[in-house]
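Asker: My structure file structure.csv, CSV, C-alpha atoms, is below:
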```csv
chain,number,residue,atom,x,y,z
A,232,MET,CA,33.3,-81.0,-35.8
A,233,GLN,CA,34.3,-84.1,-37.7
A,234,LYS,CA,31.5,-86.2,-39.1
A,235,PRO,CA,30.8,-89.1,-36.6
A,236,ASP,CA,31.5,-92.6,-37.6
A,237,PHE,CA,28.1,-94.2,-37.0
A,238,ASN,CA,27.5,-98.0,-36.9
A,239,ILE,CA,24.3,-98.4,-38.9
A,240,GLU,CA,23.9,-102.0,-37.9
A,241,GLU,CA,23.9,-101.1,-34.2
A,242,VAL,CA,21.6,-98.1,-34.9
A,243,ASN,CA,19.1,-100.4,-36.6
A,244,LYS,CA,19.4,-103.0,-33.9
A,245,ILE,CA,18.6,-100.6,-31.0
A,246,ILE,CA,15.8,-98.9,-32.8
A,247,ARG,CA,14.1,-102.1,-33.9
A,248,GLY,CA,14.9,-103.9,-30.6
A,249,ARG,CA,13.5,-101.3,-28.3
A,250,ARG,CA,10.6,-102.6,-26.2
A,251,SER,CA,8.2,-101.5,-23.5
A,252,MET,CA,8.3,-103.6,-20.3
A,253,PHE,CA,5.8,-103.0,-17.6
A,254,VAL,CA,5.6,-103.2,-13.8
A,255,ALA,CA,4.8,-106.9,-13.8
A,256,GLN,CA,8.1,-107.5,-15.6
A,257,PHE,CA,10.2,-105.3,-13.2
A,258,LYS,CA,12.8,-106.7,-10.8
A,259,GLU,CA,12.0,-105.0,-7.5
A,260,ASN,CA,14.4,-103.8,-4.9
A,261,ASP,CA,17.4,-103.7,-7.2
A,262,PRO,CA,17.8,-100.1,-8.3
A,263,VAL,CA,19.4,-98.9,-11.5
A,264,ASP,CA,22.5,-96.7,-10.9
A,265,ASP,CA,21.7,-93.0,-11.1
A,266,SER,CA,24.5,-92.6,-13.6
A,267,ILE,CA,22.5,-94.6,-16.2
A,268,ILE,CA,19.5,-92.4,-15.5
A,269,GLU,CA,21.7,-89.3,-16.0
A,270,GLU,CA,22.9,-90.8,-19.3
A,271,MET,CA,19.3,-91.3,-20.4
A,272,LEU,CA,18.5,-87.7,-19.5
A,273,GLU,CA,21.6,-86.4,-21.2
A,274,ASN,CA,20.6,-88.2,-24.4
A,275,ALA,CA,17.1,-86.8,-24.1
A,276,ARG,CA,18.7,-83.4,-24.1
A,277,TRP,CA,20.0,-84.0,-27.6
A,278,ALA,CA,16.6,-84.5,-29.2
A,279,PRO,CA,15.7,-82.4,-32.2
A,280,THR,CA,14.1,-79.1,-31.1
A,281,HIS,CA,12.8,-76.3,-33.4
A,282,LYS,CA,14.6,-73.0,-32.7
A,283,LEU,CA,16.3,-74.7,-29.8
A,284,THR,CA,13.4,-74.1,-27.4
A,285,GLN,CA,14.2,-77.5,-25.7
A,286,PRO,CA,10.7,-77.7,-24.2
A,287,TRP,CA,11.3,-80.8,-22.2
A,288,GLN,CA,11.7,-80.8,-18.4
A,289,PHE,CA,11.9,-83.9,-16.2
A,290,ILE,CA,11.3,-84.7,-12.5
A,291,VAL,CA,13.0,-87.9,-11.3
A,292,TYR,CA,11.5,-89.8,-8.4
A,293,THR,CA,13.7,-92.5,-6.8
A,294,GLY,CA,14.3,-93.9,-3.4
A,295,GLU,CA,11.9,-92.5,-0.9
A,296,GLY,CA,10.7,-90.2,-3.7
A,297,LEU,CA,8.9,-93.2,-5.2
A,298,LYS,CA,6.8,-93.4,-2.1
A,299,THR,CA,6.1,-89.7,-2.2
A,300,PHE,CA,4.9,-89.9,-5.8
A,301,GLY,CA,2.8,-93.0,-5.1
A,302,LYS,CA,1.1,-91.4,-2.2
A,303,TYR,CA,0.5,-88.2,-4.2
A,304,GLN,CA,-1.3,-89.9,-7.1
A,305,ALA,CA,-3.2,-92.3,-4.8
A,306,GLU,CA,-4.5,-89.4,-2.6
A,307,MET,CA,-5.3,-87.3,-5.6
A,308,TYR,CA,-7.3,-90.2,-7.1
A,309,LYS,CA,-9.3,-90.5,-3.9
A,310,MET,CA,-9.9,-86.7,-3.7
A,311,ARG,CA,-11.1,-86.6,-7.3
A,312,ALA,CA,-13.5,-89.5,-6.7
A,313,GLU,CA,-15.0,-87.7,-3.8
A,314,LYS,CA,-15.1,-84.4,-5.6
A,315,ASN,CA,-16.6,-85.7,-8.9
A,316,GLY,CA,-18.9,-88.3,-7.3
A,317,THR,CA,-17.2,-91.1,-9.3
A,318,PRO,CA,-16.6,-94.6,-8.0
A,319,PHE,CA,-13.7,-95.1,-5.6
A,320,LEU,CA,-12.0,-98.4,-6.1
A,321,GLU,CA,-9.6,-99.6,-3.4
A,322,GLY,CA,-7.7,-101.7,-5.9
A,323,THR,CA,-7.0,-98.7,-8.1
A,324,TYR,CA,-6.0,-96.6,-5.0
A,325,GLN,CA,-3.5,-99.4,-4.0
A,326,LYS,CA,-2.1,-99.6,-7.5
A,327,PHE,CA,-1.4,-95.9,-7.6
A,328,LEU,CA,0.2,-96.2,-4.2
A,329,ASP,CA,2.3,-99.3,-4.9
A,330,ASN,CA,3.3,-99.3,-8.6
A,331,PRO,CA,5.9,-96.5,-8.4
A,332,GLN,CA,7.7,-98.4,-5.6
A,333,LYS,CA,8.2,-101.4,-7.9
A,334,ALA,CA,10.3,-99.2,-10.3
A,335,SER,CA,13.8,-98.0,-9.7
A,336,HIS,CA,13.1,-94.6,-11.1
A,337,VAL,CA,9.9,-92.8,-12.3
A,338,ILE,CA,10.5,-89.7,-14.5
A,339,ALA,CA,7.7,-87.2,-14.9
A,340,ILE,CA,7.7,-85.8,-18.5
A,341,LEU,CA,6.9,-82.1,-18.8
A,342,MET,CA,6.5,-80.0,-22.0
A,343,LYS,CA,7.0,-76.3,-21.2
A,344,ARG,CA,5.6,-74.2,-24.0
A,345,SER,CA,7.5,-71.5,-25.8
A,346,GLU,CA,5.6,-68.7,-27.5
A,347,GLY,CA,5.9,-68.5,-31.3
A,348,ILE,CA,6.4,-72.2,-31.9
A,349,PRO,CA,3.6,-74.4,-33.1
A,350,LEU,CA,2.4,-76.5,-30.2
A,351,MET,CA,2.7,-79.7,-32.2
A,352,GLU,CA,6.4,-79.1,-32.6
A,353,GLU,CA,7.0,-78.6,-28.9
A,354,ILE,CA,5.0,-81.8,-28.1
A,355,SER,CA,7.0,-83.7,-30.9
A,356,ALA,CA,10.3,-82.5,-29.5
A,357,THR,CA,9.5,-83.7,-26.1
A,358,ALA,CA,8.3,-87.1,-27.4
A,359,MET,CA,11.6,-87.4,-29.3
A,360,ALA,CA,13.5,-86.7,-26.0
A,361,VAL,CA,11.5,-89.6,-24.4
A,362,GLN,CA,12.4,-91.8,-27.4
A,363,ASN,CA,16.1,-91.1,-26.7
A,364,MET,CA,15.6,-92.2,-23.1
A,365,TYR,CA,13.8,-95.3,-24.3
A,366,LEU,CA,16.6,-96.2,-26.7
A,367,THR,CA,19.3,-95.7,-24.0
A,368,ALA,CA,17.3,-97.7,-21.5
A,369,SER,CA,17.0,-100.6,-24.0
A,370,ALA,CA,20.7,-100.4,-24.8
A,371,HIS,CA,21.4,-101.0,-21.1
A,372,GLY,CA,19.0,-103.9,-21.1
A,373,LEU,CA,16.6,-102.2,-18.8
A,374,ALA,CA,12.8,-102.5,-18.5
A,375,ALA,CA,11.0,-99.3,-19.2
A,376,TYR,CA,7.7,-97.9,-20.4
A,377,TRP,CA,6.1,-94.5,-21.0
A,378,GLY,CA,2.7,-94.4,-19.2
A,379,THR,CA,0.0,-91.7,-19.4
A,380,GLY,CA,-2.1,-92.8,-16.4
A,381,GLY,CA,-2.6,-91.3,-13.0
A,382,PRO,CA,-2.1,-87.5,-12.9
A,383,THR,CA,-1.2,-87.1,-16.6
A,384,PHE,CA,-4.6,-85.7,-17.6
A,385,TRP,CA,-5.9,-84.6,-14.2
A,386,PRO,CA,-6.4,-80.8,-14.2
A,387,GLU,CA,-5.8,-80.7,-10.5
A,388,ALA,CA,-2.2,-81.9,-11.0
A,389,ARG,CA,-1.2,-79.0,-13.3
A,390,GLU,CA,-0.3,-76.5,-10.5
A,391,ASP,CA,1.6,-79.2,-8.6
A,392,PHE,CA,3.9,-79.8,-11.6
A,393,GLY,CA,4.3,-76.0,-12.3
A,394,LEU,CA,2.3,-76.0,-15.5
A,395,GLU,CA,0.9,-72.9,-17.0
A,396,GLY,CA,-0.9,-72.0,-20.2
A,397,GLU,CA,-0.3,-74.6,-22.8
A,398,ASP,CA,2.3,-76.5,-20.8
A,399,ILE,CA,1.5,-80.2,-20.7
A,400,LEU,CA,2.2,-83.1,-18.4
A,401,MET,CA,3.0,-85.8,-20.9
A,402,GLY,CA,3.1,-88.8,-18.6
A,403,PHE,CA,5.7,-90.8,-16.6
A,404,PHE,CA,8.6,-92.9,-17.7
A,405,TYR,CA,9.1,-96.0,-15.5
A,406,VAL,CA,12.6,-97.6,-15.4
A,407,ALA,CA,13.7,-100.8,-13.6
A,408,LYS,CA,15.9,-103.8,-14.1
A,409,PRO,CA,14.0,-106.6,-15.8
A,410,ALA,CA,12.9,-109.6,-13.8
A,411,THR,CA,13.7,-111.9,-16.7
A,412,GLU,CA,16.3,-112.3,-19.4
A,413,ASN,CA,13.5,-112.9,-22.0
A,414,TRP,CA,13.1,-109.8,-24.2
A,415,PRO,CA,9.6,-109.1,-25.5
A,416,GLU,CA,8.8,-109.9,-29.2
A,417,GLY,CA,8.0,-106.9,-31.4
A,418,LYS,CA,5.2,-106.6,-33.9
A,419,ARG,CA,4.6,-104.0,-36.6
A,420,ASP,CA,2.5,-103.7,-39.7
A,421,SER,CA,4.1,-104.1,-43.1
A,422,LEU,CA,5.9,-101.1,-44.4
A,423,ASP,CA,3.8,-101.3,-47.6
A,424,GLU,CA,0.6,-100.6,-45.5
A,425,LYS,CA,2.1,-97.4,-44.1
A,426,VAL,CA,4.1,-95.8,-47.0
A,427,ALA,CA,3.1,-94.4,-50.3
A,428,TRP,CA,5.8,-93.4,-52.8
A,429,ILE,CA,5.2,-90.6,-55.4
A,430,ARG,CA,7.8,-90.6,-58.1
A,431,GLU,CA,6.3,-88.3,-60.7
```
Let's see the structure in the file written out as structure tokens.
Answerer:
Amino acid sequence: MQKPDFNIEEVNKIIRGRRSMFVAQFKENDPVDDSIIEEMLENARWAPTHKLTQPWQFIVYTGEGLKTFGKYQAEMYKMRAEKNGTPFLEGTYQKFLDNPQKASHVIAILMKRSEGIPLMEEISATAMAVQNMYLTASAHGLAAYWGTGGPTFWPEAREDFGLEGEDILMGFFYVAKPATENWPEGKRDSLDEKVAWIRE
């Protein structure tokens, strides 16, 4: 394979320009074409992966599937409140029910563990796959964010998502067209605060 001719200016631009945009910033009822979602998932497939375990798996909810997911997490929230004796908030229930329908697509992020590989490496590979989706979504000017609410840490959801052993549900990636042309400002600490150089 011939060495690719990368454009470093564009690489820097997309990495430094990537932003999270949340449900309040979504343009509703104007779905993203499935072909763009497929491109995002294809780019996710090319994330680094130790020993090619490729631990990521994705479930894509769209169309009526968004209602299915919303109802699933809302009803599980209600069930957990009853079972655990914790407060049930109608507003939270409604948010779980409605928010997925404000997106164009919601992608469940699964890490399926392979034996013999440190768990951290499998989690990191899956996170890098999500970053590839993030960058692709930003390149298309889409609003997107990676959320870890709802069923992400609910033990009752594990079986529903086919998780076993050290498999992990790592959250949900929401994608939509943005409701505004304004792009969020970014903020990061100085590089000097995060990096130490040792030269001898």
Asker: Any idea what's packed within 7 Å of region 395-400 of chain A, counting only C-alpha atoms, ignoring anything in its chain fewer than 3 positions away? Could you give it as a ChimeraX atom specification?
Answerer: /A:340-344,383
Asker: Write out as JSON, numbers by chain which residues come within 8 Å of region 282-294 of chain A when counting all atoms listed in the file, dropping same-chain ones fewer than 3 positions away.
Answerer: {"A": [276, 297, 298, 300, 335, 336, 337, 338, 339, 340, 341, 342, 343, 344, 345, 353, 356, 357, 360]}
Asker: What is the CA of Asp265 (chain A) to CA of Trp414 (chain A) distance in Å?
Answerer: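 Pair CA of Asp265 (chain A) / CA of Trp414 (chain A) returns 23.0 Å.
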Asker: Here is a test: counting all atoms listed in the file, which residue of A:Ala410, A:Leu366, A:Met307, A:Ile348 is nearest to Val242 (chain A)?
Answerer: A:Leu366
Asker: What does the structure give for the distance between CA of Thr317 (chain A) and CA of Ala334 (chain A), in Å to one decimal?
Answerer: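 Interatomic distance, CA of Thr317 (chain A) to CA of Ala334 (chain A): 28.7 Å.
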Asker: How many Å lie between CA of Lys258 (chain A) and CA of Glu416 (chain A), rounded to one decimal?
Answerer: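 Here the two named atoms are 19.1 Å from each other.
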Asker: Distance cut-off 9 Å, centre (18.3, -86.5, -28.3) in file coordinates, counting only C-alpha atoms: which residues qualify? Return them as a compact mmCIF listing (two decimals) with C-alpha atoms, keeping the file's coordinate frame.
Answerer:
```
# COMPACT_ATOMS: atom_id res chain seq x y z
CA LEU A 272 18.50 -87.70 -19.50
CA GLU A 273 21.60 -86.40 -21.20
CA ASN A 274 20.60 -88.20 -24.40
CA ALA A 275 17.10 -86.80 -24.10
CA ARG A 276 18.70 -83.40 -24.10
CA TRP A 277 20.00 -84.00 -27.60
CA ALA A 278 16.60 -84.50 -29.20
CA PRO A 279 15.70 -82.40 -32.20
CA THR A 280 14.10 -79.10 -31.10
CA MET A 359 11.60 -87.40 -29.30
CA ALA A 360 13.50 -86.70 -26.00
CA VAL A 361 11.50 -89.60 -24.40
CA GLN A 362 12.40 -91.80 -27.40
CA ASN A 363 16.10 -91.10 -26.70
CA MET A 364 15.60 -92.20 -23.10
```
Asker: Please write as a ChimeraX atom specification the list of polymer residues whose atoms come within 12 Å of (13.8, -102.2, -34.6), counting only C-alpha atoms and keeping to the coordinates of the file.
Answerer: /A:239-250,366,369,416-419
Asker: Could you write region 269-319 of chain A of the block just shown to a file containing N, CA and C atoms, as a JSON list (two decimals), in the first residue's frame?
Answerer:
```json
[["chain", "number", "residue", "atom", "x", "y", "z"],
["A", 269, "GLU", "N", -23.56, 5.17, 8.39],
["A", 269, "GLU", "CA", -22.75, 4.02, 7.97],
["A", 269, "GLU", "C", -21.30, 4.43, 7.78],
["A", 270, "GLU", "N", -21.06, 5.63, 7.26],
["A", 270, "GLU", "CA", -19.69, 6.13, 7.12],
["A", 270, "GLU", "C", -19.04, 6.31, 8.49],
["A", 271, "MET", "N", -19.80, 6.84, 9.45],
["A", 271, "MET", "CA", -19.29, 6.99, 10.80],
["A", 271, "MET", "C", -18.90, 5.64, 11.39],
["A", 272, "LEU", "N", -19.75, 4.64, 11.19],
["A", 272, "LEU", "CA", -19.48, 3.31, 11.73],
["A", 272, "LEU", "C", -18.32, 2.63, 11.00],
["A", 273, "GLU", "N", -18.19, 2.90, 9.72],
["A", 273, "GLU", "CA", -17.05, 2.35, 8.98],
["A", 273, "GLU", "C", -15.75, 2.95, 9.50],
["A", 274, "ASN", "N", -15.76, 4.25, 9.77],
["A", 274, "ASN", "CA", -14.56, 4.88, 10.32],
["A", 274, "ASN", "C", -14.27, 4.39, 11.74],
["A", 275, "ALA", "N", -15.32, 4.10, 12.50],
["A", 275, "ALA", "CA", -15.14, 3.52, 13.83],
["A", 275, "ALA", "C", -14.40, 2.19, 13.73],
["A", 276, "ARG", "N", -14.71, 1.45, 12.68],
["A", 276, "ARG", "CA", -14.11, 0.11, 12.48],
["A", 276, "ARG", "C", -12.60, 0.19, 12.31],
["A", 277, "TRP", "N", -12.09, 1.35, 11.96],
["A", 277, "TRP", "CA", -10.65, 1.50, 11.71],
["A", 277, "TRP", "C", -9.89, 2.08, 12.90],
["A", 278, "ALA", "N", -10.50, 2.05, 14.07],
["A", 278, "ALA", "CA", -9.80, 2.48, 15.28],
["A", 278, "ALA", "C", -8.67, 1.49, 15.61],
["A", 279, "PRO", "N", -7.64, 1.96, 16.31],
["A", 279, "PRO", "CA", -6.58, 1.03, 16.76],
["A", 279, "PRO", "C", -7.15, -0.04, 17.67],
["A", 280, "THR", "N", -6.63, -1.26, 17.54],
["A", 280, "THR", "CA", -7.12, -2.37, 18.35],
["A", 280, "THR", "C", -6.00, -3.39, 18.54],
["A", 281, "HIS", "N", -5.61, -3.60, 19.79],
["A", 281, "HIS", "CA", -4.51, -4.52, 20.10],
["A", 281, "HIS", "C", -4.91, -5.95, 19.71],
["A", 282, "LYS", "N", -4.02, -6.60, 18.97],
["A", 282, "LYS", "CA", -4.23, -7.97, 18.49],
["A", 282, "LYS", "C", -5.52, -8.11, 17.65],
["A", 283, "LEU", "N", -5.97, -6.98, 17.10],
["A", 283, "LEU", "CA", -7.15, -6.97, 16.22],
["A", 283, "LEU", "C", -8.37, -7.62, 16.86],
["A", 284, "THR", "N", -8.54, -7.41, 18.17],
["A", 284, "THR", "CA", -9.73, -7.97, 18.83],
["A", 284, "THR", "C", -10.99, -7.23, 18.42],
["A", 285, "GLN", "N", -10.84, -5.95, 18.00],
["A", 285, "GLN", "CA", -11.99, -5.15, 17.53],
["A", 285, "GLN", "C", -13.18, -5.31, 18.49],
["A", 286, "PRO", "N", -13.03, -4.85, 19.74],
["A", 286, "PRO", "CA", -14.01, -5.16, 20.78],
["A", 286, "PRO", "C", -15.33, -4.39, 20.67],
["A", 287, "TRP", "N", -15.40, -3.42, 19.78],
["A", 287, "TRP", "CA", -16.60, -2.60, 19.67],
["A", 287, "TRP", "C", -17.74, -3.32, 18.96],
["A", 288, "GLN", "N", -18.92, -3.07, 19.43],
["A", 288, "GLN", "CA", -20.14, -3.44, 18.73],
["A", 288, "GLN", "C", -21.13, -2.30, 18.91],
["A", 289, "PHE", "N", -21.99, -2.10, 17.92],
["A", 289, "PHE", "CA", -22.91, -0.98, 17.95],
["A", 289, "PHE", "C", -24.33, -1.44, 17.62],
["A", 290, "ILE", "N", -25.30, -0.82, 18.26],
["A", 290, "ILE", "CA", -26.71, -1.01, 17.94],
["A", 290, "ILE", "C", -27.25, 0.37, 17.57],
["A", 291, "VAL", "N", -27.82, 0.49, 16.38],
["A", 291, "VAL", "CA", -28.29, 1.78, 15.88],
["A", 291, "VAL", "C", -29.81, 1.84, 15.98],
["A", 292, "TYR", "N", -30.29, 2.85, 16.70],
["A", 292, "TYR", "CA", -31.73, 3.11, 16.79],
["A", 292, "TYR", "C", -32.07, 4.31, 15.90],
["A", 293, "THR", "N", -33.07, 4.17, 15.06],
["A", 293, "THR", "CA", -33.53, 5.28, 14.24],
["A", 293, "THR", "C", -34.99, 5.04, 13.89],
["A", 294, "GLY", "N", -35.66, 6.05, 13.36],
["A", 294, "GLY", "CA", -37.07, 5.89, 13.02],
["A", 294, "GLY", "C", -37.88, 5.49, 14.25],
["A", 295, "GLU", "N", -38.72, 4.47, 14.08],
["A", 295, "GLU", "CA", -39.53, 3.98, 15.19],
["A", 295, "GLU", "C", -38.67, 3.34, 16.28],
["A", 296, "GLY", "N", -37.43, 2.96, 15.92],
["A", 296, "GLY", "CA", -36.51, 2.40, 16.90],
["A", 296, "GLY", "C", -36.17, 3.38, 18.01],
["A", 297, "LEU", "N", -36.24, 4.69, 17.71],
["A", 297, "LEU", "CA", -35.98, 5.69, 18.74],
["A", 297, "LEU", "C", -37.07, 5.66, 19.81],
["A", 298, "LYS", "N", -38.30, 5.45, 19.39],
["A", 298, "LYS", "CA", -39.40, 5.31, 20.35],
["A", 298, "LYS", "C", -39.21, 4.04, 21.19],
["A", 299, "THR", "N", -38.78, 2.98, 20.52],
["A", 299, "THR", "CA", -38.54, 1.72, 21.22],
["A", 299, "THR", "C", -37.49, 1.90, 22.30],
["A", 300, "PHE", "N", -36.39, 2.58, 21.97],
["A", 300, "PHE", "CA", -35.33, 2.80, 22.95],
["A", 300, "PHE", "C", -35.79, 3.71, 24.07],
["A", 301, "GLY", "N", -36.50, 4.78, 23.73],
["A", 301, "GLY", "CA", -37.00, 5.71, 24.74],
["A", 301, "GLY", "C", -37.93, 5.02, 25.73],
["A", 302, "LYS", "N", -38.84, 4.22, 25.21],
["A", 302, "LYS", "CA", -39.77, 3.51, 26.09],
["A", 302, "LYS", "C", -39.01, 2.51, 26.95],
["A", 303, "TYR", "N", -38.02, 1.85, 26.37],
["A", 303, "TYR", "CA", -37.24, 0.86, 27.12],
["A", 303, "TYR", "C", -36.57, 1.50, 28.32],
["A", 304, "GLN", "N", -35.85, 2.63, 28.11],
["A", 304, "GLN", "CA", -35.11, 3.20, 29.23],
["A", 304, "GLN", "C", -36.05, 3.89, 30.23],
["A", 305, "ALA", "N", -37.17, 4.44, 29.76],
["A", 305, "ALA", "CA", -38.13, 5.06, 30.68],
["A", 305, "ALA", "C", -38.77, 4.01, 31.60],
["A", 306, "GLU", "N", -39.18, 2.90, 30.99],
["A", 306, "GLU", "CA", -39.83, 1.86, 31.79],
["A", 306, "GLU", "C", -38.83, 1.18, 32.74],
["A", 307, "MET", "N", -37.58, 1.07, 32.30],
["A", 307, "MET", "CA", -36.58, 0.48, 33.20],
["A", 307, "MET", "C", -36.29, 1.43, 34.36],
["A", 308, "TYR", "N", -36.27, 2.71, 34.08],
["A", 308, "TYR", "CA", -36.10, 3.70, 35.15],
["A", 308, "TYR", "C", -37.22, 3.55, 36.18],
["A", 309, "LYS", "N", -38.45, 3.43, 35.72],
["A", 309, "LYS", "CA", -39.60, 3.28, 36.61],
["A", 309, "LYS", "C", -39.49, 1.99, 37.41],
["A", 310, "MET", "N", -39.13, 0.90, 36.74],
["A", 310, "MET", "CA", -39.00, -0.40, 37.41],
["A", 310, "MET", "C", -37.92, -0.35, 38.48],
["A", 311, "ARG", "N", -36.80, 0.28, 38.19],
["A", 311, "ARG", "CA", -35.70, 0.36, 39.14],
["A", 311, "ARG", "C", -36.09, 1.20, 40.37],
["A", 312, "ALA", "N", -36.84, 2.27, 40.14],
["A", 312, "ALA", "CA", -37.29, 3.10, 41.25],
["A", 312, "ALA", "C", -38.19, 2.30, 42.18],
["A", 313, "GLU", "N", -39.09, 1.52, 41.61],
["A", 313, "GLU", "CA", -39.99, 0.69, 42.42],
["A", 313, "GLU", "C", -39.22, -0.39, 43.16],
["A", 314, "LYS", "N", -38.29, -1.03, 42.46],
["A", 314, "LYS", "CA", -37.53, -2.14, 43.05],
["A", 314, "LYS", "C", -36.59, -1.67, 44.15],
["A", 315, "ASN", "N", -35.94, -0.52, 43.93],
["A", 315, "ASN", "CA", -34.92, -0.05, 44.86],
["A", 315, "ASN", "C", -35.47, 0.91, 45.91],
["A", 316, "GLY", "N", -36.75, 1.27, 45.78],
["A", 316, "GLY", "CA", -37.33, 2.21, 46.74],
["A", 316, "GLY", "C", -36.77, 3.61, 46.62],
["A", 317, "THR", "N", -36.31, 3.98, 45.43],
["A", 317, "THR", "CA", -35.78, 5.31, 45.20],
["A", 317, "THR", "C", -36.86, 6.21, 44.61],
["A", 318, "PRO", "N", -36.70, 7.53, 44.72],
["A", 318, "PRO", "CA", -37.74, 8.43, 44.22],
["A", 318, "PRO", "C", -37.97, 8.27, 42.71],
["A", 319, "PHE", "N", -39.23, 8.25, 42.34],
["A", 319, "PHE", "CA", -39.60, 8.25, 40.92],
["A", 319, "PHE", "C", -40.00, 9.66, 40.53]]
```
